[in-house]
Amino acid sequence: MPDGQALPKLAFIVLRQLNGDTPMSTTRTQVAIVGAGPSGLLLGQLLHKAGIDAIIVERQTGDYVLSRIRAGVLEQVCIDLLDEAGVGQRMHKEGLIHGGFDLLFKGKRHRIDMNQLTGGKNVMVYGQTELTRDLMDARQAAGLTTIYEAGNVQVHDFDSQKPRVTYEKNGQLHTIECDFIAGCDGFHGVCRASAPKNGIKEFEKVYPFGWLGVLSDTPPVHHELIYANSPRGFALCSQRSETRSRYYLQVPLTDKVEQWSDEAFWAELRNRLDPEARDKLVTGPSIEKSIAPLRSFVTEPMRFGRMFLAGDAGHIVPPTGAKGLNLAATDVKYLSTAFIEYYQENTEAGIDSYSERCLRRIWRAERFSWWFTQLMHRFPGEGEIAQKFQEAELDYLIHSESGSRTIAENYVGLPLDFGDH
Ligand code: APR
Ligand code: PHB
């Protein structure tokens, strides 16, 4: 090919590969982590604390990762992990401790006193965006490698002793040789998609509605969260701080975010609240508005030779109950412990039990999230009797101490080790 002739970039790379002169680089690390969301970043930090070398490869930019707005309720187990990773300082300063939440049905609110019902446990309200930023800052301060905007990330040979991750960046093909691959690349990632089709089973339920979320710089309507069951559909009043609110409405899957003006959102939210909250609600311009589908999804197993899935790569919960981030954090704890034992104690026991250990906890949280979702939402075609059943169940739950304790125990989350089979 004569020099200087204009060629599309891709063709150029392919040609250079065929000619055997594609610029290539090879690096080595102990754990190659795919994905720099909360799972990948937390894993990187826990491994770093234990002196284990890891490289993170992320297909987006750091700013893009930070622009994704997600839930922000942390269980104690998750708070402890962030402390262990050395990134808990700002969370303790800015996060809000909640000892309860309200269930609203038949136009009235009832408080679930989590703290009292669980012997003193609370949750922390701290946005996932802030937590991700803290992890990113800690990683940068420690001088650890994260490769952002990595193209065509692929995982190879994880059924052998010598797995590899390859990616393209700036017209160069890069190879990372490693001992293990951690698939922290979310629901649409490449790791689960690369697992052998005959060795993986996926369980899925897609719900017939979505959540329309609005973030606004207005004081929250209530100092704790309100989960509302109304004949018009579910609503949630949440918050990020004393001056920033996060609200959600159940909407049909066919709705588009452009159809929902701020005014229409606030009017519909008011319609789903009790009279006191309706009066107190402070509205303002939305600073983010989006519709998210709801899904229950679990992959079995979560280990494929030397590749391990963690977080949304392995499972999705509907957001009712805010278990997604907490489950991701505990997967990462089990995985980091397994790697640390492997390198420091020369045992594969943690690696071998990783999938089973995670899945037991995952299914418990999946069940709770599914149950709470079906208790609080309107399901198309189910009619008024479904509403009556839900109201009767909610009435039972709030008036029975064991009923209330069941919901409180699940909401604050299971301990890391919760007994034998
Ligand atoms: N190559 C590299 N990176 C990828 C690839 C790929 N092929 N595919 C996806 N990624 C990146 C995404 O861009 C994203 O930044 O992996 C990251 C996965 O991050 P998350 O989707 O946030 O998943 P996870 O880190 O497991 O966080 C779980 O997020 O969705 C919530 O409820 C969930 O709160 C929980 C948390
Ligand atoms: C949120 O604040 O975004 C949030 C809180 C609780 C949930 C889901 C989302 O159950």
# chains A, B, ... in the order shown; residues from 1 in each chain; ligands from 1
>>> residues_near_ligand(ligand="ligand 2", cutoff="6 Å", atoms="only C-alpha atoms and all ligand atoms", output="list in words")
Arg70, Ala71, Gly72, Val73, Ser238, Gln239, Arg246, Pro319, Thr320, Gly321 and Ala322 of chain A
>>> residues_near_ligand(ligand="ligand 1", cutoff="8 Å", atoms="only C-alpha atoms and all ligand atoms", output="PyMOL selection string")
chain A and resi 34-41+57-60+64-65+68+70-72+128+150-154+184-191+310-313+316-317+319+322-329
>>> atom_distance(atom1="atom CA of A:Pro293", atom2="atom CA of A:Pro318")
8.3 Å
>>> residues_around(residues="A:Ala54", least_positions_apart="2", cutoff="7 Å", atoms="only C-alpha atoms", output="list of chain:residue names")
A:Thr29, A:Gln30, A:Val31, A:Ala32, A:Ile33, A:Gly44, A:Ile52, A:Ile56
>>> write_last_selection(atoms="all heavy atoms", output="tab-separated table (two decimals), in the first residue's frame")
chain	number	residue	atom	x	y	z
A	29	THR	N	-0.54	-8.23	34.78
A	29	THR	CA	-1.06	-7.88	36.11
A	29	THR	C	-1.59	-9.15	36.76
A	29	THR	O	-1.68	-10.19	36.11
A	29	THR	CB	-2.17	-6.80	35.99
A	29	THR	OG1	-2.49	-6.32	37.29
A	29	THR	CG2	-3.44	-7.33	35.34
A	30	GLN	N	-1.95	-9.04	38.04
A	30	GLN	CA	-2.50	-10.24	38.69
A	30	GLN	C	-3.99	-10.38	38.36
A	30	GLN	O	-4.45	-11.43	37.95
A	30	GLN	CB	-2.26	-10.16	40.21
A	30	GLN	CG	-0.77	-10.35	40.53
A	30	GLN	CD	-0.45	-10.10	42.00
A	30	GLN	OE1	-0.64	-8.99	42.50
A	30	GLN	NE2	0.03	-11.11	42.68
A	31	VAL	N	-4.74	-9.29	38.52
A	31	VAL	CA	-6.18	-9.35	38.22
A	31	VAL	C	-6.53	-8.27	37.19
A	31	VAL	O	-6.30	-7.09	37.44
A	31	VAL	CB	-7.02	-9.15	39.51
A	31	VAL	CG1	-8.51	-9.27	39.19
A	31	VAL	CG2	-6.63	-10.14	40.60
A	32	ALA	N	-7.07	-8.69	36.06
A	32	ALA	CA	-7.55	-7.72	35.07
A	32	ALA	C	-9.04	-7.52	35.33
A	32	ALA	O	-9.82	-8.48	35.32
A	32	ALA	CB	-7.33	-8.25	33.65
A	33	ILE	N	-9.42	-6.28	35.60
A	33	ILE	CA	-10.81	-5.97	35.93
A	33	ILE	C	-11.45	-5.29	34.72
A	33	ILE	O	-10.93	-4.30	34.23
A	33	ILE	CB	-10.89	-5.04	37.16
A	33	ILE	CG1	-10.21	-5.69	38.38
A	33	ILE	CG2	-12.34	-4.69	37.48
A	33	ILE	CD1	-10.10	-4.79	39.61
A	44	GLY	N	-10.90	-3.05	42.80
A	44	GLY	CA	-9.55	-2.53	42.61
A	44	GLY	C	-8.98	-1.99	43.92
A	44	GLY	O	-7.81	-2.22	44.26
A	52	ILE	N	-2.33	-6.50	46.05
A	52	ILE	CA	-2.52	-7.27	44.81
A	52	ILE	C	-2.68	-6.29	43.65
A	52	ILE	O	-3.44	-5.33	43.72
A	52	ILE	CB	-3.75	-8.20	44.92
A	52	ILE	CG1	-3.50	-9.22	46.05
A	52	ILE	CG2	-4.06	-8.90	43.60
A	52	ILE	CD1	-4.73	-10.01	46.44
A	56	ILE	N	-7.68	-1.82	35.57
A	56	ILE	CA	-9.10	-1.75	35.17
A	56	ILE	C	-9.20	-1.22	33.75
A	56	ILE	O	-8.53	-0.24	33.39
A	56	ILE	CB	-9.92	-0.82	36.10
A	56	ILE	CG1	-9.75	-1.23	37.57
A	56	ILE	CG2	-11.39	-0.84	35.70
A	56	ILE	CD1	-10.63	-0.45	38.55
>>> select_by_dssp(residues="stretch 126-348 of chain A", states="alpha helix (DSSP H)", output="NGL selection string")
:A and (128-141 or 190-194 or 262-272 or 275-280 or 324-345)
>>> residues_around(residues="A:Ala338", least_positions_apart="4", cutoff="7 Å", atoms="only C-alpha atoms", output="short mmCIF file (atom, residue, chain, number, x, y, z; two decimals) with N, CA and C atoms, in the first residue's frame")
data_model
loop_
_atom_site.label_atom_id
_atom_site.label_comp_id
_atom_site.auth_asym_id
_atom_site.auth_seq_id
_atom_site.Cartn_x
_atom_site.Cartn_y
_atom_site.Cartn_z
N TYR A 334 -16.65 -10.89 48.59
CA TYR A 334 -16.35 -12.32 48.49
C TYR A 334 -15.20 -12.56 47.50
N TYR A 342 -6.01 -16.62 47.97
CA TYR A 342 -5.23 -17.32 46.94
C TYR A 342 -3.77 -16.86 46.97
N GLY A 350 -11.68 -20.19 48.51
CA GLY A 350 -12.56 -19.03 48.32
C GLY A 350 -12.98 -18.90 46.87
N ILE A 351 -12.05 -19.17 45.99
CA ILE A 351 -12.33 -19.10 44.55
C ILE A 351 -13.36 -20.17 44.18
#
>>> atom_distance(atom1="atom CA of A:Leu103", atom2="atom CA of A:Ala386")
17.4 Å
>>> atom_distance(atom1="atom CA of A:Ser160", atom2="atom CA of A:Thr347")
17.9 Å
>>> closest_residue(among="A:Tyr396, A:Phe368, A:Phe158, A:Tyr354", to="A:Glu409", atoms="only C-alpha atoms")
A:Phe368
>>> select_by_dssp(residues="stretch 247-309 of chain A", states="strand (DSSP E)", output="ChimeraX atom specification")
/A:247-251,286-300,303-304,307-309
>>> residues_around(residues="stretch 253-262 of chain A", least_positions_apart="4", cutoff="9 Å", atoms="only C-alpha atoms", output="VMD selection string")
chain A and resid 207 to 212 214 266 to 267 283 to 286 289 to 293
